[in-house]
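Engineer: What follows is a structure written as structure tokens; I'll ask about it next.
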Amino acid sequence: MSDIYIICVEDEPQVLDVVIRDLEKLEEVFPIEIAHSADEARQLINEIKEEGNKIGLAICDHIMPGDKGVDLMIEMQKDPFTEHTRKVLLTGQAGLEETIEAVNKAKLNRYIAKPWKPQHILEVAIEELTTYVIDHEKELLPYMSVLDQERLQQAIRNKGYV
Amino acid sequence: MPIKKKQKSFSLKTITGLSLGLLGFLLPLFFQFDGLSYAGHIALGIFLMAAVFWMFETIPIYSTSMLVIFLQITLLSQQGLLYSETQLPEAVPEHQSGNEWLVPPGAIQDGKVLIMQDSQKYKPMKVNILKMGEMTLVESADISTETRLVADTRHKLVGYTPPGFSVFFGTLANPIIILFLGGFMLAGASVKYNLDKNLTNVLLKPFGQKPMLIILGLMLVTATLSAFMSNTATTAMMMTVAIPIAMQVSKEDKFRIILALSIPIAANIGGIATPIGTPPNAIVIANLTQQGINIAFGSWVALMLPLTLFLLFIALSAMRILYPPTIDSFILSLKGNFDKSLKAKVLYALFGITVLLWFTEAQHGIPSSMVAFLPIVGLTVTSVMKQDDIRSLPWEVLWLVAGGIALGISMENTGLAMWLVSSISWDAFPQLLLLLVFGFVALMLSNFLSNTVTATLLIPLAVSMGTSGIAGEGFSLVITSLVIGAACNMAMLLPISTPPNAIAMSTGFIKTPDMVKIGIIIGLVGIVAVLVLSQLYWPLIMN
């Protein structure tokens, strides 16, 4: 079985620290990797791909030096490897048009506005990752301890195996 | 640190299983076992390989079943590689004088000659051996110049009449498989229309808000549902009910442990109650049916229900003592929101009629597997179950059971099972001790193996002990098989013992020692209870 990664793309170290701290609880099951720019992110995605692992969740800032977050997400949506990755945009500054573009072209799953309430990122991550594993993983039990148990049990019931 | 999935240990396990399995398959080809027919050797090879593959899960357990059937049709069927065009080798007895004949020495086995009836059949006949030599001189009044003898008593057709390949394929349409398919259809449709969940909410309401009463309710409902649905799906569904309750309890309260334990335990135990509760029951029924013993749906329930209720009671009491809850009441929001669409109503009606017919077999005489075809047809004709729903049924379980039944057939008709059990003089054993041994071995094995696999490996042995009479007076084939079947379902020591255990474990509310404690209590008390029932209660029901 391959690992399912969470990647966080954010140029400001302080913000990144907060995000990582919020997601700490998930790390025992979902390894977390960080990138400070879209370029770094591309490299990271390639590495994860080459090691035969998957990316379940990408949390991405919009305003960064170089390519913008939305562009990165559109790119990820076009790549079959990251097409099913759950995509969360984390920003205070994306305009309406860019947001619409992200929803339409990157199939953005969630939008988190800065500043966010404590726990909110974790809740979103749990929800998105639960959806990801239900849709893409056969064996759900390993994820029970950190994700949404009710939804996972429901999914096991629906699969109806003996 | 991310959890590293154990890839390396896996491949080592696979290699070990693969080599042991192949070794097991080849072993009987290189060793000649006394008293075992040629076909018995082949069946032994298949048996050993299947046992290893099932134990190590070298390949998925259902594909081991498929492999068993494949090897049977290629090696043991009339049309297979070894038996197509095969004829018994002929020997013509040479007349000496009076009733004295000269025959080749290979034609004599244990003081008998085999008189051929046609190219594949023969009849053993006792003779007096007068003189051994290059040709053996025998005396018999039944030999004439017309008689043809089997020249080689070790020939592969001796001791085995190969069945047509369709016998092995046919296991997939065995009545018990159809019974299970009927159960799967009802269970699948119930999940689709949320019948299981709504029933749970309605049935749980009367149990109020006191913790131990809620647990009693959860266990009774879980056991009831799992008697008709898969234990796994029932556990997962009940967990969605239990998790919101657990959230109201502080993390230190041991009530969480009881909550998470009670559901898998009740699901495992509930599977004992009906023929369709779990696959081991199917193996028991299929093997008994082959011996001409039929157990009606209702009789099975009558035999097993007291055991089920008793074990639920024991589990509840044990948990209450081990994990006294501190919380004293809950708020439960239970809404039974039954689907009122026409299709859902068709399902309710078919479910009701089917179960009613299953329980009244004694009155109308329609076998339960015939009744099971009613929901199969009814639910598809009315489009309650569509193509996608049918595809999502657990077909691999049917393959698993079919392979088990097929292996049982070969173990019986090649004389393998008989040979395996006849090496020990069982009549020295008291009957009760024999049942205890069978029950205990089944319990131990199925804690580590799939329950179905355990039943598959053990039931044919019990059957041949019964049919051969080597087990001595008072041995009951039915009772022994039932003990094994029940014991297979009482194994719930470890997270790996059953899928419901694994589900409960994954919630993180319990630790392995919690499960082991309760598992030991249920296993030991359960074995004693089964033995008591087998002596005092089952004979009453069966007569």
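Letters for chains follow the order of the structure tokens (A, B, ...), residue numbers begin at 1 for each chain, and ligand numbers begin at 1 in the order shown.
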So that I can see what lies close to Leu141 (chain A), please list as a list in words the residues with an atom at most 7 Å from it, counting only C-alpha atoms and leaving out residues fewer than 3 positions away in the same chain.
Structural biologist: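 Listed by chain and then number, they are Met144 of chain A; Ile503 and Ser506 of chain B.
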Engineer: Could those residues be written to a file, using N, CA and C atoms, as a JSON list (two decimals), in the first residue's frame?
Structural biologist:
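That gives us result.json:
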[["chain", "number", "residue", "atom", "x", "y", "z"],
["A", 144, "MET", "N", -9.57, 4.95, 10.07],
["A", 144, "MET", "CA", -10.64, 5.15, 11.03],
["A", 144, "MET", "C", -10.19, 6.00, 12.22],
["B", 503, "ILE", "N", -13.09, -3.92, 12.55],
["B", 503, "ILE", "CA", -13.79, -2.63, 12.47],
["B", 503, "ILE", "C", -13.83, -1.96, 13.84],
["B", 506, "SER", "N", -10.50, -0.54, 14.86],
["B", 506, "SER", "CA", -10.04, 0.63, 14.13],
["B", 506, "SER", "C", -10.59, 1.93, 14.72]]
Engineer: Using only C-alpha atoms, find each residue of chain B with at least one atom at most 10 Å away from an atom of chain A; report its shortest atom-to-atom pair and that distance in Å (one decimal), sort the rows by chain and rising residue number, and return the result as a Markdown table.
Structural biologist:
| residue | atom | partner | partner_atom | distance |
| --- | --- | --- | --- | --- |
| B:Met1 | CA | A:Glu28 | CA | 5.4 |
| B:Pro2 | CA | A:Glu28 | CA | 4.6 |
| B:Ile3 | CA | A:Val29 | CA | 5.8 |
| B:Lys4 | CA | A:Asp3 | CA | 8.0 |
| B:Lys5 | CA | A:Met1 | CA | 6.4 |
| B:Lys6 | CA | A:Met1 | CA | 8.4 |
| B:Gln7 | CA | A:Met1 | CA | 7.5 |
| B:Phe184 | CA | A:Gly160 | CA | 9.0 |
| B:Ala187 | CA | A:Gly160 | CA | 8.2 |
| B:Gly188 | CA | A:Gly160 | CA | 6.9 |
| B:Val191 | CA | A:Asn158 | CA | 6.6 |
| B:Lys192 | CA | A:Asn158 | CA | 7.6 |
| B:Asn194 | CA | A:Asn158 | CA | 9.8 |
| B:Met229 | CA | A:Val162 | CA | 8.5 |
| B:Ser230 | CA | A:Val162 | CA | 4.9 |
| B:Asn231 | CA | A:Val162 | CA | 6.3 |
| B:Thr232 | CA | A:Val162 | CA | 5.3 |
| B:Ala233 | CA | A:Arg157 | CA | 4.4 |
| B:Thr234 | CA | A:Arg157 | CA | 7.0 |
| B:Thr235 | CA | A:Arg157 | CA | 8.0 |
| B:Ala236 | CA | A:Gln153 | CA | 4.7 |
| B:Met237 | CA | A:Arg157 | CA | 5.6 |
| B:Met238 | CA | A:Gln153 | CA | 8.6 |
| B:Met239 | CA | A:Gln153 | CA | 6.6 |
| B:Thr240 | CA | A:Glu150 | CA | 5.0 |
| B:Val241 | CA | A:Glu150 | CA | 8.3 |
| B:Ala242 | CA | A:Glu150 | CA | 9.1 |
| B:Ile243 | CA | A:Glu150 | CA | 6.8 |
| B:Pro244 | CA | A:Glu150 | CA | 8.4 |
| B:Thr278 | CA | A:Val162 | CA | 8.4 |
| B:Pro279 | CA | A:Val162 | CA | 9.0 |
| B:Ser392 | CA | A:Lys159 | CA | 7.2 |
| B:Leu393 | CA | A:Gly160 | CA | 7.2 |
| B:Pro394 | CA | A:Tyr161 | CA | 5.4 |
| B:Trp395 | CA | A:Tyr161 | CA | 9.1 |
| B:Glu396 | CA | A:Tyr161 | CA | 9.2 |
| B:Val397 | CA | A:Val162 | CA | 7.2 |
| B:Thr498 | CA | A:Val162 | CA | 9.9 |
| B:Pro499 | CA | A:Val162 | CA | 7.9 |
| B:Pro500 | CA | A:Val162 | CA | 9.3 |
| B:Ala502 | CA | A:Leu141 | CA | 7.6 |
| B:Ile503 | CA | A:Leu141 | CA | 6.5 |
| B:Ala504 | CA | A:Leu141 | CA | 9.4 |
| B:Met505 | CA | A:Leu141 | CA | 8.8 |
| B:Ser506 | CA | A:Met144 | CA | 5.5 |
| B:Thr507 | CA | A:Ser145 | CA | 5.5 |
| B:Gly508 | CA | A:Ser145 | CA | 5.8 |
| B:Phe509 | CA | A:Ser145 | CA | 9.1 |
Engineer: According to DSSP computed on the backbone, where in chain A is there helix (DSSP H, G or I)? Give the residues as a ChimeraX atom specification.
Structural biologist: /A:13-22,24-26,38-50,69-78,96-105,120-136,141-143,149-159
Engineer: Can you tell me how far CA of Thr454 (chain B) sits from CA of Asp514 (chain B), in Å to one decimal?
Structural biologist: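 So the two atoms, CA of Thr454 (chain B) and CA of Asp514 (chain B), lie 24.5 Å apart.
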Engineer: Show which residues sit within 12 Å of Val9 (chain A), as an MDAnalysis selection string. Count only C-alpha atoms, and ignore same-chain residues fewer than 6 positions away.
Structural biologist: chainID A and resid 15:17 19:20 32:45 57:65 67:70 72:73 87:91
Engineer: Taking 5 positions as the minimum chain separation for residues in the same chain, which residues sit within 9 Å of region 346-359 of chain B when counting only C-alpha atoms? Answer as a list in words.
Structural biologist: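 Final neighbour list, sorted by chain and number: Leu186, Ala189, Ser190, Tyr193, Leu195, Ala296, Phe297, Gly298, Ser299, Val301, Ser341, His364, Ile366, Pro367, Ser368, Ser369, Val371, Ala372, Leu374, Pro375, Gly378, Leu379, Thr382 and Val384 of chain B.
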Engineer: So that I can see what lies close to Ile522 (chain B), please list as a ChimeraX atom specification the residues with an atom at most 10 Å from it, counting only C-alpha atoms and leaving out residues fewer than 5 positions away in the same chain.
Structural biologist: /B:265,269,311-312,314-315,318,490-493,516-517,527-529
Engineer: Convert the current residue selection to file output with N, CA and C atoms, as a PDB file, in the first residue's frame.
Structural biologist:
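Output below, filename selection.pdb:
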ATOM      1  N   ILE B 265     -19.084  -8.118  18.993  1.00  0.00           N
ATOM      2  CA  ILE B 265     -19.382  -9.378  19.685  1.00  0.00           C
ATOM      3  C   ILE B 265     -20.786  -9.847  19.317  1.00  0.00           C
ATOM      4  N   ILE B 269     -21.815 -13.240  17.283  1.00  0.00           N
ATOM      5  CA  ILE B 269     -22.691 -14.226  17.910  1.00  0.00           C
ATOM      6  C   ILE B 269     -23.999 -14.360  17.128  1.00  0.00           C
ATOM      7  N   LEU B 311     -25.023 -16.569  24.966  1.00  0.00           N
ATOM      8  CA  LEU B 311     -23.717 -15.936  24.763  1.00  0.00           C
ATOM      9  C   LEU B 311     -23.816 -14.411  24.840  1.00  0.00           C
ATOM     10  N   LEU B 312     -24.917 -13.850  24.321  1.00  0.00           N
ATOM     11  CA  LEU B 312     -25.114 -12.400  24.417  1.00  0.00           C
ATOM     12  C   LEU B 312     -25.178 -11.985  25.885  1.00  0.00           C
ATOM     13  N   ILE B 314     -23.931 -13.609  28.482  1.00  0.00           N
ATOM     14  CA  ILE B 314     -22.610 -13.765  29.105  1.00  0.00           C
ATOM     15  C   ILE B 314     -21.718 -12.567  28.755  1.00  0.00           C
ATOM     16  N   ALA B 315     -21.730 -12.187  27.463  1.00  0.00           N
ATOM     17  CA  ALA B 315     -20.877 -11.083  27.022  1.00  0.00           C
ATOM     18  C   ALA B 315     -21.257  -9.795  27.752  1.00  0.00           C
ATOM     19  N   ALA B 318     -20.210  -9.961  31.441  1.00  0.00           N
ATOM     20  CA  ALA B 318     -18.754  -9.871  31.583  1.00  0.00           C
ATOM     21  C   ALA B 318     -18.287  -8.438  31.371  1.00  0.00           C
ATOM     22  N   MET B 490     -17.590 -18.612  17.259  1.00  0.00           N
ATOM     23  CA  MET B 490     -17.368 -18.055  18.596  1.00  0.00           C
ATOM     24  C   MET B 490     -15.945 -17.524  18.763  1.00  0.00           C
ATOM     25  N   ALA B 491     -15.154 -17.601  17.706  1.00  0.00           N
ATOM     26  CA  ALA B 491     -13.777 -17.142  17.782  1.00  0.00           C
ATOM     27  C   ALA B 491     -13.726 -15.632  17.594  1.00  0.00           C
ATOM     28  N   MET B 492     -13.444 -14.896  18.666  1.00  0.00           N
ATOM     29  CA  MET B 492     -13.372 -13.432  18.543  1.00  0.00           C
ATOM     30  C   MET B 492     -12.344 -12.864  19.498  1.00  0.00           C
ATOM     31  N   LEU B 493     -11.212 -13.571  19.553  1.00  0.00           N
ATOM     32  CA  LEU B 493     -10.162 -13.224  20.492  1.00  0.00           C
ATOM     33  C   LEU B 493      -9.389 -11.971  20.061  1.00  0.00           C
ATOM     34  N   VAL B 516      -9.241  -9.383  23.860  1.00  0.00           N
ATOM     35  CA  VAL B 516      -8.779 -10.719  24.244  1.00  0.00           C
ATOM     36  C   VAL B 516      -9.517 -11.203  25.490  1.00  0.00           C
ATOM     37  N   LYS B 517      -9.657 -10.294  26.485  1.00  0.00           N
ATOM     38  CA  LYS B 517     -10.335 -10.684  27.730  1.00  0.00           C
ATOM     39  C   LYS B 517     -11.728 -11.223  27.442  1.00  0.00           C
ATOM     40  N   ILE B 527     -17.850 -22.842  24.466  1.00  0.00           N
ATOM     41  CA  ILE B 527     -17.597 -24.269  24.216  1.00  0.00           C
ATOM     42  C   ILE B 527     -18.354 -25.132  25.226  1.00  0.00           C
ATOM     43  N   VAL B 528     -18.273 -24.734  26.503  1.00  0.00           N
ATOM     44  CA  VAL B 528     -18.988 -25.495  27.529  1.00  0.00           C
ATOM     45  C   VAL B 528     -20.489 -25.482  27.243  1.00  0.00           C
ATOM     46  N   ALA B 529     -20.996 -24.282  26.902  1.00  0.00           N
ATOM     47  CA  ALA B 529     -22.432 -24.164  26.636  1.00  0.00           C
ATOM     48  C   ALA B 529     -22.843 -25.046  25.460  1.00  0.00           C
TER      49      ALA B 529
END
Engineer: From the DSSP assignment of the backbone, select every residue of chain A that is strand (DSSP E), and format the answer as a list in words.
Structural biologist: Ile4, Tyr5, Ile6, Ile7, Cys8, Val9, Ile32, Glu33, Ile34, Ala35, Lys54, Ile55, Gly56, Leu57, Ala58, Ile59, Cys60, Asp61, Arg86, Lys87, Val88, Leu89, Leu90, Thr91, Arg110, Tyr111, Ile112 and Ala113 of chain A
